[in-house]
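Colleague: The structure is given below, and queries will be raised subsequently.
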Amino acid sequence: MRARWQIAASLAACALLLTASARAEDAAQSPVELVGKLQNSQAEIAQGSLVAYSAQFRILREISEALSATKPEVWKNSRNARAAIIYLLSGGQPHIVEGLLNSGNISKDDEKLARGALDYVLGHEAEARQLLGDVDPKSLEPSLGGQIAFVQSILLTAVDTKKAIALLDMARLLAPGGLVEEAALRREVFVVGDMAHDGDRFLSLAAKYATRFPRSPYAENFVKGFTATLIRLRLYEDVGNFQKLESVAESLSQDDRRGLFLTIARAALVNGKIAMADVAASKALTLAQADSADEARGRLYQSAARSVTDQYESGVVQLQGIDSKKLPKRDAPLLAAARAVAKRIREQTNPPAAAAAPPTAPDDSAAATIHLAEAALSKSQQPFSEGVP
């Protein structure tokens with residue numbers, strides 16, 4: 001037992017020595033070198049490194065301690081002063097730049113950049129816009145230029161959207177591969193999406209993001225935002241968009257792809273876009289596990305779509321075989337609605353001798369969904385063949 005305690009104590013001592021050694025090494029490094037280490041770590045984060053992501057807070061804290069201990073004369077070197085600005089815009093502590101500004105050891109040009117960056121981080125947008133608005137990011141070293149272009153874009157989005165998008169393009173070109181490009185590209189997707197008149201560019205940028213940063217820790221939120229935006233832009237209405245949507249999904253995880261196609265299929269179905277509902281649901285089914293809730297959803301959307309086309313019979317058979325207990329609560333009324341509409345179609349195609357009473361909706365939510373399903377039927381513009389029994 002004593003031997004084990006001695007080993008543990010030795011390991012703890014070694015760990016303390018290594019930590020102290022690392023901090024001493026950081027203290028000996030210039031601000032440029034320290035910030036270069038931070039940027040390398042953030043490039044790994046953008047590519048999906050969980051280790052780098054977990055270490056981010058520690059690295060920022062250690063760099064903050066090292067910069068706080070930097071001798072005042074070091075900041076007279078413009079490269080070091082600008083490294084401190086990059087550190088701030090990369091998630092660093094404002095007090096580092098505040099101390100730098102109070103020291104009076106930086107040039108007028110660097111002071112303007114530092115004050116603008118500090119105002120931006122502190123939420124003083126008007127002041128930041130005034131200080132940074134006329135800065136040409138291309139005149140700066142690329143790593144700082146990319147950060148400044150990104151900040152300028154955020155400050156200008158509500159004022160001049162086209163210029164804000166151009167600045168995001170510039171940020172991506174000046175600082176490729178790291179979190180600046182990742183954040184700029186992700187933001188550009190949604191700024192373009194908010195313009196609501198360039199669906200092709202929205203999809204093209206989204207495909208580029210999904211290809212370049214599929215493992216980013218922010219990719220999950222990107223997928224959610226992308227899905228919500230494509231629904232808002234009604235890009236599910238044209239089945240011709242499906243190949244473009246597939247190109248976005250190609251680099252995503254299987255779970256994200258399945259969720260995307262299910263969402264598209266449902267939106268298309270309840271809005272009467274039958275062809276898109278069918279193709280999206282069919283794609284989702286290739287990604288769903290057998291006997292899962294997502295498989296049940298896919299079969300519901302697929303069969304409901306087909307039951308209002310010339311594939312009526314196969315659609316109805318599949319509808320009848322779906323277990324409503326496997327569906328999420330919001331889809332149970334849709335199943336009832338689809339079955340009711342299919343029944344009504346059969347009655348209209350083969351009217352009985354005596355008129356049947358209209359089907360009764362199971363509840364208010366089902367009635368509302370039946371209305372949507374009937375709207376889908378009227379909008380589908382896909383006539384049934386006369387031979388449907």
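Letters A, B, ... mark the chains of the structure tokens in the order given; residue numbers begin at 1 per chain; ligand numbers begin at 1, in order shown.
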As a PyMOL selection string, please: every residue in region 107-328 of chain A that DSSP puts in alpha helix (DSSP H).
Modeller: chain A and resi 108-121+125-132+142-156+161-174+179-195+199-212+219-232+242-249+254-270+274-285+293-306+312-320
Colleague: Give me the residues within 8 Å of Pro214 (chain A) as a PyMOL selection string, counting only C-alpha atoms and dropping any in the same chain fewer than 2 places off.
Modeller: chain A and resi 47-48+209-212+216+219+251-253
Colleague: Now that the selection is made, can you save its residues with C-alpha atoms as a short mmCIF file (atom, residue, chain, number, x, y, z; two decimals), in the first residue's frame?
Modeller:
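Output below, filename part_21.cif:
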data_model
loop_
_atom_site.label_atom_id
_atom_site.label_comp_id
_atom_site.auth_asym_id
_atom_site.auth_seq_id
_atom_site.Cartn_x
_atom_site.Cartn_y
_atom_site.Cartn_z
CA GLN A 47 -12.49 19.79 -38.12
CA GLY A 48 -14.22 18.01 -35.25
CA TYR A 209 -20.47 23.95 -45.25
CA ALA A 210 -21.61 20.34 -44.92
CA THR A 211 -18.63 19.23 -47.01
CA ARG A 212 -15.98 21.32 -45.26
CA SER A 216 -17.66 20.74 -36.37
CA ALA A 219 -22.69 21.27 -37.20
CA SER A 251 -21.60 14.70 -45.88
CA LEU A 252 -23.86 14.71 -42.82
CA SER A 253 -24.23 11.88 -40.35
#
Colleague: May I ask which of the residues A:Leu88, A:Arg186, A:Gln39, A:Pro142 is the closest one to Gly116 (chain A), counting only C-alpha atoms?
Modeller: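 For Gly116 (chain A), the nearest of the given residues is A:Leu88.
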Colleague: Extract, using only C-alpha atoms, all DNA, RNA and protein residues at most 12 Å from Tyr53 (chain A), discarding same-chain residues fewer than 6 positions from it, and format them as a PyMOL selection string.
Modeller: chain A and resi 38+40-47+59-60+179+215-218
Colleague: Filtering to C-alpha atoms, could you give me those residues as a compact mmCIF listing (two decimals), in the first residue's frame?
Modeller:
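Result went into out.txt, see below:
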# COMPACT_ATOMS: atom_id res chain seq x y z
CA LEU A 38 -4.64 28.99 -30.07
CA ASN A 40 -4.00 25.74 -34.41
CA SER A 41 -6.22 24.39 -31.67
CA GLN A 42 -9.27 26.12 -33.11
CA ALA A 43 -8.52 24.74 -36.57
CA GLU A 44 -8.64 21.27 -35.01
CA ILE A 45 -11.97 22.15 -33.38
CA ALA A 46 -13.42 23.20 -36.73
CA GLN A 47 -12.49 19.79 -38.12
CA ILE A 59 -5.79 27.00 -23.44
CA LEU A 60 -7.53 30.38 -23.35
CA LEU A 179 -13.12 28.55 -36.82
CA ARG A 215 -17.75 17.23 -37.80
CA SER A 216 -17.66 20.74 -36.37
CA PRO A 217 -19.14 20.94 -32.86
CA TYR A 218 -21.53 23.51 -34.32
Colleague: Interatomic distance between CA of Phe202 (chain A) and CA of Leu235 (chain A)?
Modeller: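 Rounded to one decimal, the two atoms are 10.3 Å apart.
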Colleague: Need to verify the contact set: Gln130 (chain A), 12 Å, only C-alpha atoms, exclusion of same-chain residues closer than 4 positions in sequence. Can you return it as a list in words?
Modeller: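 Residues meeting the cut-off are Lys112, Leu113, Arg115, Gly116, Ala117, Asp119, Tyr120, His124, Glu125, Ala126, Asp134, Val135, Gln152, Leu155 and Leu156 of chain A.
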Colleague: Compile the contact shell of Glu98 (chain A) as an MDAnalysis selection string: residues with an atom at most 12 Å away, counting only C-alpha atoms, same-chain residues fewer than 3 positions apart removed.
Modeller: chainID A and resid 68 81 84:85 88 92:95 101:104 106 111 114:119 121:122
Colleague: Restricting the output to C-alpha atoms, write the selected residues as a compact mmCIF listing (two decimals), in the first residue's frame.
Modeller:
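For reference, part37.txt as written:
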# COMPACT_ATOMS: atom_id res chain seq x y z
CA SER A 68 -0.90 39.19 -18.43
CA ALA A 81 -0.24 43.88 -30.23
CA ALA A 84 -3.63 40.22 -28.60
CA ILE A 85 -6.52 41.49 -30.74
CA LEU A 88 -9.68 38.73 -27.90
CA GLY A 92 -10.16 35.69 -25.04
CA GLN A 93 -10.56 37.90 -21.97
CA PRO A 94 -11.26 41.61 -22.58
CA HIS A 95 -9.02 42.70 -19.71
CA LEU A 101 -4.72 50.07 -24.32
CA ASN A 102 -4.02 51.55 -20.89
CA SER A 103 -0.29 50.87 -21.24
CA GLY A 104 0.14 53.34 -24.09
CA ILE A 106 0.88 50.47 -29.04
CA GLU A 111 -4.99 51.26 -30.84
CA ALA A 114 -7.90 47.20 -30.41
CA ARG A 115 -10.57 49.68 -29.30
CA GLY A 116 -12.87 48.61 -32.09
CA ALA A 117 -12.44 44.93 -31.25
CA LEU A 118 -12.98 45.62 -27.55
CA ASP A 119 -16.16 47.62 -28.22
CA VAL A 121 -16.81 42.14 -27.73
CA LEU A 122 -18.41 44.33 -25.06
Colleague: I want to know what sits within 6 Å of Tyr301 (chain A), based on only C-alpha atoms, with residues of the same chain fewer than 3 positions away left out; could you give that as a PyMOL selection string?
Modeller: chain A and resi 281+298+304
Colleague: Have a look at A:Pro328, A:Gly193, A:Pro31, A:Gly123 and name the one nearest to Ala83 (chain A); count only C-alpha atoms.
Modeller: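 Closest residue, counting only C-alpha atoms: A:Pro31.
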Colleague: Need to verify the contact set: Asp291 (chain A), 12 Å, only C-alpha atoms, exclusion of same-chain residues closer than 2 positions in sequence. Can you return it as a list of chain:residue names?
Modeller: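 Answer for this query is A:Leu285, A:Ala288, A:Gln289, A:Ala293, A:Asp294, A:Glu295, A:Ala296, A:Arg297, A:Gly298, A:Arg299, A:Ile322, A:Asp323, A:Lys325, A:Lys326, A:Leu327.
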Colleague: Enter the distance from CA of Ala280 (chain A) to CA of Asn241 (chain A), in Å, rounded to one decimal.
Modeller: 10.9 Å
Colleague: Using only C-alpha atoms, find the one residue out of A:Ala284, A:Val180, A:Val341, A:Ala55 that sits nearest to Leu260 (chain A).
Modeller: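 Residue with the minimum atom-to-atom distance to Leu260 (chain A): A:Ala284.
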Colleague: Here is a test: counting only C-alpha atoms, which residue of A:Asp238, A:Asp110, A:Asp169, A:Asp256 is nearest to Phe226 (chain A)?
Modeller: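 Comparing A:Asp238, A:Asp110, A:Asp169, A:Asp256 against Phe226 (chain A), the winner is A:Asp256.
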Colleague: When distances are computed from only C-alpha atoms, which of A:Arg201, A:Glu237, A:Gly145, A:Lys138 shows the smallest separation from Ile165 (chain A)?
Modeller: A:Arg201
